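Enquirer: For reference, this is target-v5.txt, and it has compact mmCIF, C-alpha atoms.
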```txt
# COMPACT_ATOMS: atom_id res chain seq x y z
CA MET A 1 107.22 80.18 94.44
CA ARG A 2 110.81 79.93 93.28
CA ILE A 3 111.58 83.16 95.12
CA PRO A 4 109.49 83.52 98.29
CA PHE A 5 108.89 86.87 99.91
CA SER A 6 110.63 85.88 103.12
CA LYS A 7 112.54 82.95 104.57
CA PRO A 8 113.43 82.63 108.28
CA TYR A 9 117.17 82.55 108.80
CA VAL A 10 118.87 80.01 111.07
CA THR A 11 122.38 80.65 112.39
CA GLY A 12 123.26 77.00 113.06
CA ARG A 13 123.49 77.08 116.87
CA GLU A 14 119.77 77.05 117.63
CA MET A 15 119.48 73.28 118.09
CA GLU A 16 122.63 73.18 120.20
CA TYR A 17 121.20 75.76 122.60
CA ILE A 18 117.78 74.12 122.66
CA ARG A 19 119.46 70.85 123.65
CA GLN A 20 121.33 72.67 126.42
CA ALA A 21 118.03 74.05 127.69
CA ILE A 22 116.47 70.59 127.70
CA ASP A 23 119.47 69.05 129.41
CA GLY A 24 119.37 71.83 132.00
CA GLY A 25 116.04 70.57 133.24
CA LYS A 26 114.24 73.94 133.38
CA LEU A 27 111.94 74.66 130.46
CA THR A 28 109.61 77.28 131.91
CA GLY A 29 110.27 81.01 131.73
CA ASN A 30 112.93 83.10 133.44
CA GLY A 31 115.63 80.49 132.98
CA GLU A 32 119.26 81.02 132.03
CA PHE A 33 118.63 81.55 128.31
CA SER A 34 115.84 84.03 129.04
CA ARG A 35 118.19 85.99 131.29
CA LYS A 36 120.99 85.90 128.70
CA CYS A 37 118.64 87.23 126.02
CA ALA A 38 117.37 89.99 128.31
CA ARG A 39 120.91 91.06 129.22
CA GLY A 40 121.90 91.00 125.57
CA LEU A 41 118.99 93.24 124.63
CA GLU A 42 119.84 95.65 127.45
CA GLU A 43 123.42 95.90 126.19
CA MET A 44 122.31 96.17 122.57
CA THR A 45 119.76 98.94 123.12
CA GLY A 46 120.84 100.67 126.31
CA CYS A 47 117.39 100.22 127.85
CA ARG A 48 117.14 99.95 131.61
CA LYS A 49 115.26 96.63 131.64
CA ALA A 50 114.40 94.08 128.96
CA ILE A 51 111.76 91.41 129.52
CA LEU A 52 111.34 88.51 127.11
CA VAL A 53 107.68 87.93 126.22
CA PRO A 54 105.81 85.51 123.93
CA SER A 55 105.26 88.07 121.12
CA GLY A 56 105.50 91.70 120.12
CA THR A 57 101.74 91.78 120.70
CA ALA A 58 102.26 90.71 124.32
CA ALA A 59 104.83 93.47 124.77
CA LEU A 60 102.36 96.05 123.46
CA GLU A 61 99.69 94.76 125.84
CA MET A 62 102.06 94.92 128.80
CA MET A 63 102.99 98.51 127.89
CA MET A 64 99.34 99.53 128.03
CA ILE A 65 98.83 97.90 131.42
CA LEU A 66 101.97 99.47 132.85
CA GLY A 67 101.19 102.84 131.30
CA GLY A 68 97.83 102.89 133.04
CA ILE A 69 95.89 103.10 129.79
CA GLY A 70 92.22 102.54 130.58
CA PRO A 71 88.59 103.23 129.69
CA GLY A 72 88.06 106.70 128.25
CA ASP A 73 91.72 107.26 127.41
CA GLU A 74 93.02 107.98 123.93
CA VAL A 75 96.32 106.94 122.39
CA ILE A 76 97.64 108.67 119.25
CA MET A 77 99.10 106.31 116.63
CA PRO A 78 99.45 105.83 112.88
CA SER A 79 96.82 103.99 110.88
CA PHE A 80 99.47 102.28 108.76
CA THR A 81 100.44 99.55 111.21
CA PHE A 82 99.47 96.02 112.25
CA SER A 83 96.27 95.42 114.19
CA SER A 84 98.24 94.48 117.33
CA THR A 85 99.24 98.12 117.82
CA ALA A 86 95.62 99.23 118.08
CA ASN A 87 94.33 96.05 119.76
CA ALA A 88 96.61 96.64 122.74
CA VAL A 89 94.86 99.97 123.28
CA VAL A 90 91.36 98.66 122.64
CA LEU A 91 91.80 95.74 125.04
CA ARG A 92 92.30 98.28 127.83
CA GLY A 93 89.01 100.00 126.98
CA ALA A 94 90.80 102.98 125.43
CA SER A 95 90.51 104.42 121.91
CA PRO A 96 93.17 104.72 119.22
CA VAL A 97 93.33 108.09 117.49
CA PHE A 98 94.79 107.63 114.02
CA VAL A 99 96.92 110.29 112.36
CA ASP A 100 98.26 110.47 108.83
CA MET A 101 101.72 109.36 107.70
CA ARG A 102 104.67 111.32 106.36
CA PRO A 103 105.03 110.96 102.58
CA ASP A 104 108.77 110.24 102.83
CA THR A 105 109.25 107.58 105.54
CA LEU A 106 105.62 106.38 105.83
CA ASN A 107 105.93 106.94 109.59
CA MET A 108 103.42 108.90 111.65
CA ASP A 109 103.52 112.58 110.73
CA GLU A 110 104.77 114.27 113.88
CA THR A 111 103.43 117.64 112.73
CA LEU A 112 99.86 116.31 113.05
CA ILE A 113 100.14 115.05 116.63
CA GLU A 114 99.32 118.32 118.39
CA ALA A 115 95.98 118.60 116.58
CA ALA A 116 95.07 115.07 117.68
CA ILE A 117 95.61 115.73 121.42
CA THR A 118 92.49 116.04 123.57
CA PRO A 119 91.95 116.09 127.35
CA ARG A 120 91.61 112.28 127.10
CA THR A 121 94.99 111.71 125.44
CA LYS A 122 97.25 109.53 127.60
CA ALA A 123 100.05 108.46 125.26
CA ILE A 124 101.69 108.73 121.85
CA LEU A 125 102.46 105.42 120.13
CA PRO A 126 104.97 105.89 117.28
CA VAL A 127 105.56 102.91 114.98
CA HIS A 128 108.99 102.75 113.32
CA TYR A 129 107.98 101.46 109.90
CA ALA A 130 110.50 99.25 108.06
CA GLY A 131 113.01 99.88 110.85
CA VAL A 132 113.31 103.58 109.95
CA ALA A 133 112.90 105.85 112.96
CA CYS A 134 110.04 108.26 113.50
CA GLU A 135 111.04 111.88 114.19
CA MET A 136 111.53 111.13 117.88
CA ASP A 137 112.94 114.48 119.02
CA ALA A 138 109.74 116.23 117.96
CA ILE A 139 107.54 113.50 119.42
CA MET A 140 109.37 113.59 122.75
CA ARG A 141 109.10 117.40 122.90
CA ILE A 142 105.34 117.24 122.40
CA ALA A 143 104.99 114.48 124.98
CA ARG A 144 107.03 116.32 127.60
CA ALA A 145 105.10 119.55 127.07
CA ARG A 146 101.76 117.74 127.40
CA ASN A 147 102.75 115.20 130.09
CA LEU A 148 102.11 112.24 127.81
CA LEU A 149 103.77 108.83 127.67
CA VAL A 150 105.72 107.80 124.58
CA LEU A 151 105.33 104.07 123.98
CA GLU A 152 107.36 102.89 120.98
CA ASP A 153 106.21 100.15 118.66
CA ALA A 154 109.70 99.10 117.58
CA ALA A 155 108.56 95.67 116.38
CA GLN A 156 110.54 96.10 113.16
CA GLY A 157 113.34 98.17 114.64
CA ILE A 158 115.97 95.98 116.29
CA LEU A 159 119.46 97.44 115.71
CA SER A 160 118.03 100.55 114.05
CA ARG A 161 119.03 103.90 115.51
CA TYR A 162 117.85 107.50 115.66
CA LYS A 163 120.61 110.05 116.07
CA GLY A 164 122.77 107.41 117.70
CA ARG A 165 120.06 106.07 120.03
CA ALA A 166 118.61 102.60 119.61
CA LEU A 167 114.96 102.41 118.65
CA GLY A 168 113.08 101.22 121.71
CA ALA A 169 115.36 103.11 124.09
CA ILE A 170 113.87 106.58 123.61
CA GLY A 171 110.31 106.54 124.98
CA GLU A 172 109.23 105.30 128.42
CA MET A 173 108.74 101.78 127.05
CA ALA A 174 108.91 99.90 123.77
CA ALA A 175 107.87 96.65 122.12
CA LEU A 176 110.12 94.47 119.96
CA SER A 177 108.99 91.51 117.85
CA PHE A 178 110.87 88.29 117.15
CA HIS A 179 108.26 86.81 114.81
CA GLU A 180 109.77 84.64 112.07
CA THR A 181 109.27 87.46 109.55
CA LYS A 182 111.57 89.77 111.54
CA ASN A 183 115.33 90.14 111.09
CA ILE A 184 115.99 88.40 114.41
CA HIS A 185 113.43 85.76 115.31
CA CYS A 186 112.49 82.72 117.37
CA GLY A 187 109.37 81.73 115.46
CA GLU A 188 107.12 83.69 117.80
CA GLY A 189 108.53 85.99 120.44
CA GLY A 190 109.03 89.54 121.59
CA ALA A 191 110.49 91.80 124.23
CA LEU A 192 109.32 94.67 126.38
CA LEU A 193 111.99 97.34 126.78
CA ILE A 194 111.63 99.62 129.80
CA ASN A 195 113.50 102.93 130.00
CA ASP A 196 111.66 104.60 132.88
CA PRO A 197 112.65 102.91 136.17
CA ALA A 198 109.20 103.67 137.60
CA PHE A 199 107.78 100.80 135.53
CA VAL A 200 110.37 98.09 136.27
CA GLU A 201 109.05 96.60 139.50
CA ARG A 202 105.45 96.43 138.36
CA ALA A 203 106.50 94.90 135.03
CA GLU A 204 107.87 91.87 136.86
CA ILE A 205 104.53 91.47 138.62
CA VAL A 206 102.42 91.86 135.48
CA MET A 207 104.69 89.36 133.70
CA GLU A 208 104.22 86.79 136.47
CA LYS A 209 100.41 86.64 136.34
CA GLY A 210 100.04 89.49 138.82
CA THR A 211 102.13 87.85 141.55
CA ASP A 212 105.34 88.90 143.28
CA ARG A 213 106.95 85.59 142.31
CA SER A 214 110.12 87.27 141.02
CA LYS A 215 110.71 88.78 144.46
CA PHE A 216 110.20 85.36 146.02
CA PHE A 217 112.89 83.77 143.84
CA ARG A 218 115.28 86.58 144.75
CA GLY A 219 114.59 85.95 148.45
CA GLU A 220 112.97 89.35 148.96
CA VAL A 221 109.71 87.85 150.29
CA ASP A 222 109.12 84.54 152.09
CA LYS A 223 106.15 83.59 149.89
CA TYR A 224 104.52 84.97 146.79
CA THR A 225 100.90 85.88 146.22
CA TRP A 226 98.54 87.73 143.90
CA VAL A 227 99.19 91.47 144.25
CA ASP A 228 98.14 93.09 140.94
CA MET A 229 96.62 92.40 137.54
CA GLY A 230 98.76 90.42 135.14
CA SER A 231 98.92 87.51 132.75
CA SER A 232 101.25 84.79 131.53
CA TYR A 233 103.88 86.83 129.71
CA LEU A 234 106.81 84.43 130.13
CA VAL A 235 108.71 82.72 127.31
CA ASN A 236 109.71 79.07 127.62
CA GLU A 237 113.42 78.27 127.68
CA MET A 238 113.50 76.44 124.36
CA THR A 239 112.22 79.54 122.58
CA ALA A 240 114.71 81.69 124.49
CA ALA A 241 117.52 79.30 123.54
CA PHE A 242 116.64 79.67 119.86
CA LEU A 243 116.56 83.45 120.23
CA ARG A 244 119.92 83.48 121.99
CA ALA A 245 121.56 81.93 118.91
CA GLN A 246 119.97 84.66 116.78
CA LEU A 247 120.97 87.54 119.04
CA GLU A 248 124.59 86.40 119.03
CA GLU A 249 124.62 86.90 115.25
CA ALA A 250 122.37 89.97 115.15
CA GLU A 251 124.97 92.42 113.84
CA ARG A 252 126.02 90.08 111.04
CA ILE A 253 122.42 89.26 110.12
CA VAL A 254 121.51 92.93 109.82
CA GLY A 255 124.74 93.60 107.90
CA ASP A 256 123.88 90.90 105.37
CA ARG A 257 120.35 92.26 104.97
CA LEU A 258 121.69 95.79 104.50
CA ALA A 259 123.91 94.54 101.68
CA LEU A 260 120.83 93.14 99.91
CA TRP A 261 118.82 96.29 100.61
CA ASN A 262 121.59 98.44 99.14
CA ARG A 263 121.75 96.29 96.00
CA TYR A 264 118.04 96.88 95.42
CA HIS A 265 118.36 100.56 96.18
CA LYS A 266 121.25 101.13 93.78
CA ALA A 267 119.88 98.96 90.98
CA LEU A 268 116.42 100.56 90.96
CA ALA A 269 117.72 104.16 90.95
CA PRO A 270 117.35 104.51 87.14
CA LEU A 271 113.66 103.59 87.34
CA GLU A 272 113.14 106.17 90.05
CA ALA A 273 114.95 108.77 87.93
CA GLU A 274 112.48 108.05 85.11
CA GLY A 275 109.50 108.42 87.45
CA LYS A 276 108.50 104.76 87.22
CA LEU A 277 108.69 104.10 90.95
CA ARG A 278 109.94 105.54 94.23
CA ARG A 279 112.49 103.89 96.48
CA PRO A 280 112.47 104.03 100.33
CA VAL A 281 113.62 107.23 102.01
CA VAL A 282 115.93 107.09 105.04
CA PRO A 283 116.36 110.56 106.61
CA GLU A 284 119.69 111.84 107.82
CA GLY A 285 120.35 110.70 111.37
CA CYS A 286 118.45 107.43 110.92
CA GLU A 287 120.30 104.13 110.72
CA HIS A 288 117.92 101.42 109.55
CA ASN A 289 118.16 97.63 109.74
CA ALA A 290 116.98 96.64 106.24
CA HIS A 291 113.83 95.03 107.56
CA ILE A 292 111.84 95.84 104.41
CA PHE A 293 112.61 96.98 100.91
CA TYR A 294 109.51 98.48 99.34
CA ILE A 295 108.76 100.48 96.22
CA LEU A 296 105.93 102.90 95.53
CA LEU A 297 104.26 102.71 92.14
CA ASP A 298 102.31 105.53 90.48
CA SER A 299 98.91 103.93 91.14
CA ALA A 300 97.21 101.02 92.86
CA GLU A 301 96.60 99.50 89.42
CA SER A 302 100.31 99.61 88.58
CA ARG A 303 101.16 98.07 91.95
CA ASP A 304 98.73 95.20 91.42
CA ALA A 305 99.92 94.66 87.85
CA LEU A 306 103.58 94.46 88.92
CA MET A 307 102.69 92.09 91.75
CA ALA A 308 100.91 89.80 89.27
CA PHE A 309 103.76 90.13 86.74
CA LEU A 310 106.31 89.01 89.34
CA LYS A 311 104.06 86.17 90.53
CA GLU A 312 103.88 84.80 86.97
CA ARG A 313 107.68 84.57 87.10
CA GLY A 314 107.70 82.74 90.42
CA ILE A 315 108.55 85.81 92.51
CA LEU A 316 106.39 86.63 95.52
CA ALA A 317 106.14 90.36 96.22
CA VAL A 318 103.42 91.58 98.58
CA PHE A 319 101.62 94.74 99.63
CA HIS A 320 101.37 95.68 103.30
CA TYR A 321 98.85 96.99 105.84
CA ILE A 322 95.31 97.97 105.00
CA PRO A 323 95.03 101.25 106.95
CA LEU A 324 93.39 100.58 110.30
CA ASP A 325 91.12 103.61 110.13
CA THR A 326 89.37 102.04 107.12
CA ALA A 327 88.93 98.61 108.76
CA LEU A 328 85.70 97.52 110.46
CA ALA A 329 87.37 97.39 113.88
CA GLY A 330 89.08 100.73 113.27
CA ARG A 331 85.76 102.38 112.53
CA THR A 332 84.23 100.65 115.56
CA TYR A 333 86.88 101.32 118.19
CA GLY A 334 88.84 104.31 116.90
CA ALA A 335 88.17 107.86 118.05
CA PRO A 336 87.57 110.47 115.32
CA SER A 337 90.75 111.62 113.56
CA PRO A 338 91.22 115.40 113.49
CA LYS A 339 92.12 115.35 109.78
CA PRO A 340 91.56 112.95 106.86
CA LEU A 341 94.33 110.38 106.37
CA GLY A 342 94.85 111.09 102.68
CA VAL A 343 98.56 110.30 102.47
CA THR A 344 98.03 106.96 104.22
CA ALA A 345 95.21 106.01 101.86
CA ASP A 346 97.25 106.97 98.81
CA LEU A 347 100.63 105.45 99.60
CA SER A 348 99.38 102.24 101.22
CA ALA A 349 97.55 101.43 97.97
CA ARG A 350 100.72 101.94 95.88
CA LEU A 351 103.27 100.11 98.05
CA LEU A 352 104.87 96.81 97.10
CA ARG A 353 107.41 94.92 99.21
CA LEU A 354 110.10 93.00 97.35
CA PRO A 355 111.62 89.73 98.60
CA LEU A 356 114.37 90.24 101.16
CA PHE A 357 116.05 87.42 103.07
CA ILE A 358 119.55 86.13 103.67
CA GLY A 359 120.58 83.87 100.80
CA LEU A 360 118.53 85.77 98.21
CA GLU A 361 120.17 86.66 94.93
CA PRO A 362 118.13 89.75 94.01
CA GLU A 363 119.23 90.11 90.38
CA GLU A 364 116.30 88.10 89.02
CA VAL A 365 113.84 90.24 90.98
CA ILE A 366 115.52 93.45 89.81
CA GLU A 367 115.54 92.36 86.16
CA ALA A 368 111.87 91.38 86.38
CA VAL A 369 110.97 94.83 87.72
CA PHE A 370 112.81 96.43 84.79
CA ALA A 371 111.06 94.04 82.39
CA PHE A 372 107.65 95.07 83.73
CA PHE A 373 108.39 98.62 82.62
CA GLY A 374 109.71 97.41 79.26
CA LYS A 375 113.24 98.36 80.22
CA GLU A 376 116.53 96.53 80.17
CA ARG A 377 118.57 96.83 83.32
CA PRO A 378 121.60 99.08 82.70
CA LYS A 379 124.98 97.45 83.02
CA GLU A 380 126.86 98.65 86.09
```
Please express the file's structure as structure tokens.
Expert:
Amino acid sequence: MRIPFSKPYVTGREMEYIRQAIDGGKLTGNGEFSRKCARGLEEMTGCRKAILVPSGTAALEMMMILGGIGPGDEVIMPSFTFSSTANAVVLRGASPVFVDMRPDTLNMDETLIEAAITPRTKAILPVHYAGVACEMDAIMRIARARNLLVLEDAAQGILSRYKGRALGAIGEMAALSFHETKNIHCGEGGALLINDPAFVERAEIVMEKGTDRSKFFRGEVDKYTWVDMGSSYLVNEMTAAFLRAQLEEAERIVGDRLALWNRYHKALAPLEAEGKLRRPVVPEGCEHNAHIFYILLDSAESRDALMAFLKERGILAVFHYIPLDTALAGRTYGAPSPKPLGVTADLSARLLRLPLFIGLEPEEVIEAVFAFFGKERPKE
């Protein structure tokens, strides 16, 4: 493809920092670069504790362990998300309960959460789609009234905000992703953000394979041993060094992506005015990070036709998630939803993501979209 859908961005200091890590002689987890990244994320988000982990998936799994999610429990979440969100619940023997999305932001519809709560409900798991915040005030009110945990899937949400608060710093815990498709990346990586201090000490144990090794290195115990369940949730120093170079440029990276996102948004306004497509909606009070620019067509057939039209011109545009409630595993492991997920089924079939990466010149994509509709792009 002449114009790929995505291209991982490199700041230029990654190799320098990786060499420093190698020269430092410590390549396992919890080294200097890991600590620098964790501190940077704490400052960036305002969370109490950030822990670097191998992936956003690992962060989700750690959240479920720390949240005490177990057999017989239910966790309320959207169906329009990646399988990792639900897998983290299923791996603990619990059941995801899928609720429909809002038609504007494509986030979980907060007005449907109450109807999904049962005596088995343990947590609410909002997913901030495309880096646009869920309606967190309403979600937090429901959770507080029902004594439920709020565990944020903020995989796409770094440097996005909701009413001035960073995504990932609102619920008890949150997961970030640094996969190469994300704004800030290290190939594969993630972070667990902890906001409730009650989870901090145990998180260090779960991260270190269920041992109190972190206490040992701080001199708090004279030897370390197995004290709890856990796994290998540490990131090696070379990965952390790469991520450090990215985090140093995070504000600029997001700023550059926002400039591209805004060019799409402005240029495609005439097509929206004619009813040919719908652009993303960002509610008041939400500051997004330009992770995705998508359009909604009037039908699945139109979406597929535009995708093929762009591909013929060397432009890769892609759809997104197949709703989890319709998947084999979703039907197998999910608990019954209180209401049909009609909005999710409709919009997910009509959504198309356009290329968005630093260095992209979007004019050719924009002109091709106009050409598909038999239109000439208006002169600005």
Enquirer: Given the choices A:Met62, A:Trp261, A:Gly12, A:Glu180, which gets closest to Pro355 of chain A if the distance is worked out from only C-alpha atoms?
Expert: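 Residue with the minimum atom-to-atom distance to Pro355 of chain A: A:Trp261.
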Enquirer: Using all atoms listed in the file, can you tell me which of A:Asn289, A:Thr326, A:Asn107, A:Gln246 comes closest to Thr11 of chain A?
Expert: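 The closest residue to Thr11 of chain A is A:Gln246.
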Enquirer: Please provide as a JSON list (two decimals) with C-alpha atoms, keeping the file's coordinate frame all residues within 7 Å of Phe357 of chain A, with the sequence filter that same-chain residues fewer than 5 positions apart are discarded (counting only C-alpha atoms).
Expert:
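Output file around35.json follows:
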```json
[["chain", "number", "residue", "atom", "x", "y", "z"],
["A", 6, "SER", "CA", 110.63, 85.88, 103.12],
["A", 7, "LYS", "CA", 112.54, 82.95, 104.57],
["A", 257, "ARG", "CA", 120.35, 92.26, 104.97]]
```
Enquirer: Excluding same-chain residues fewer than 2 positions from Leu354 of chain A, what lies within 7 Å of it counting only C-alpha atoms, as a PyMOL selection string?
Expert: chain A and resi 5+293-294+317-318+352+356
Enquirer: Measuring between only C-alpha atoms, which one of A:Leu148, A:Ala169, A:Leu193, A:Ala259 shows the shortest distance to Gly359 of chain A?
Expert: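 Among the listed residues, the smallest separation from Gly359 of chain A belongs to A:Ala259.
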Enquirer: May I have the protein, DNA and RNA residues with any atom at most 10 Å from the point (118.8, 92.6, 129.6), counting all atoms listed in the file, written as a PyMOL selection string?
Expert: chain A and resi 34-52+191+193
Enquirer: To one decimal place, how far is atom CA of Leu324 of chain A from atom CA of Thr85 of chain A in Å?
Expert: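 For atom CA of Leu324 of chain A relative to atom CA of Thr85 of chain A, the distance reads 9.8 Å.
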Enquirer: Would you mind listing, for every residue of segment 270-308 of chain A within 8 Å of segment 94-105 of chain A, the two atoms forming the shortest contact and the distance between them in Å to one decimal, using all atoms listed in the file, sorted by chain and ascending residue number, as CSV?
Expert:
```
residue,atom,partner,partner_atom,distance
A:Pro280,CA,A:Thr105,CA,7.1
A:Val281,CA,A:Thr105,CA,5.6
A:Val282,CA,A:Thr105,CA,6.7
A:Pro283,CA,A:Thr105,CA,7.8
```
Enquirer: Between atom CA of Cys186 of chain A and atom CA of Leu243 of chain A, what distance in Å does the model show, to one decimal?
Expert: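 Separation of atom CA of Cys186 of chain A and atom CA of Leu243 of chain A: 5.0 Å.
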Enquirer: Could you tell me how far atom CA of Ala198 of chain A sits from atom CA of Thr118 of chain A, in Å to one decimal place?
Expert: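 Separation of atom CA of Thr118 of chain A and atom CA of Ala198 of chain A: 25.1 Å.
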Enquirer: Would you mind listing what lies within 9 Å of segment 109-117 of chain A as a PyMOL selection string, with only C-alpha atoms counted and same-chain residues fewer than 3 positions away left out?
Expert: chain A and resi 74-78+97-103+106+120-122+124+134-136+138-139+142+146+337-339
Enquirer: Keeping only C-alpha atoms, write the selected residues to a file as a short mmCIF file (atom, residue, chain, number, x, y, z; two decimals), in the coordinates of the input.
Expert:
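The resulting file, again-v9.cif, is shown below:
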```cif
data_model
loop_
_atom_site.label_atom_id
_atom_site.label_comp_id
_atom_site.auth_asym_id
_atom_site.auth_seq_id
_atom_site.Cartn_x
_atom_site.Cartn_y
_atom_site.Cartn_z
CA GLU A 74 93.02 107.98 123.93
CA VAL A 75 96.32 106.94 122.39
CA ILE A 76 97.64 108.67 119.25
CA MET A 77 99.10 106.31 116.63
CA PRO A 78 99.45 105.83 112.88
CA VAL A 97 93.33 108.09 117.49
CA PHE A 98 94.79 107.63 114.02
CA VAL A 99 96.92 110.29 112.36
CA ASP A 100 98.26 110.47 108.83
CA MET A 101 101.72 109.36 107.70
CA ARG A 102 104.67 111.32 106.36
CA PRO A 103 105.03 110.96 102.58
CA LEU A 106 105.62 106.38 105.83
CA ARG A 120 91.61 112.28 127.10
CA THR A 121 94.99 111.71 125.44
CA LYS A 122 97.25 109.53 127.60
CA ILE A 124 101.69 108.73 121.85
CA CYS A 134 110.04 108.26 113.50
CA GLU A 135 111.04 111.88 114.19
CA MET A 136 111.53 111.13 117.88
CA ALA A 138 109.74 116.23 117.96
CA ILE A 139 107.54 113.50 119.42
CA ILE A 142 105.34 117.24 122.40
CA ARG A 146 101.76 117.74 127.40
CA SER A 337 90.75 111.62 113.56
CA PRO A 338 91.22 115.40 113.49
CA LYS A 339 92.12 115.35 109.78
#
```
Enquirer: Determine, counting all atoms listed in the file, which protein, DNA and RNA residues have an atom within 10 Å of an atom of Ser83 of chain A; residues of the same chain fewer than 6 positions away are not included. Present the result as an MDAnalysis selection string.
Expert: chainID A and resid 57 321:324 327 329:330
Enquirer: Around segment 167-183 of chain A, fit a box with edges along x, y and z, padding it by 8 Å on each side, then list its centre and edge lengths in Å to one decimal as AutoDock Vina command-line options.
Expert:
```
--center_x 111.6 --center_y 95.6 --center_z 119.0 --size_x 23.5 --size_y 37.9 --size_z 34.9
```
Enquirer: Need to verify the contact set: Lys375 of chain A, 12 Å, only C-alpha atoms, exclusion of same-chain residues closer than 5 positions in sequence. Can you return it as a PyMOL selection string?
Expert: chain A and resi 268+270-271+274+276+366-370
Enquirer: Go through segment 191-217 of chain A residue by residue and, counting only C-alpha atoms, keep those with an atom at most 7 Å from segment 231-239 of chain A; for each kept residue give the shortest atom pair and its distance in Å to one decimal, ordered by chain and increasing number, as CSV.
Expert:
```
residue,atom,partner,partner_atom,distance
A:Val206,CA,A:Ser231,CA,6.2
A:Met207,CA,A:Tyr233,CA,4.8
A:Glu208,CA,A:Ser232,CA,6.1
A:Lys209,CA,A:Ser231,CA,4.0
A:Gly210,CA,A:Ser231,CA,6.5
```
Enquirer: May I have the protein, DNA and RNA residues with an atom at most 12 Å from (107.4, 109.2, 88.4), counting all atoms listed in the file in the file's coordinates, returned as a list in words?
Expert: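 Every residue inside that radius is included here: Ala269, Pro270, Leu271, Glu272, Ala273, Glu274, Gly275, Lys276, Leu277, Arg278, Arg279, Ile295, Leu296, Leu297, Asp298, Ser299 and Ser302 of chain A.
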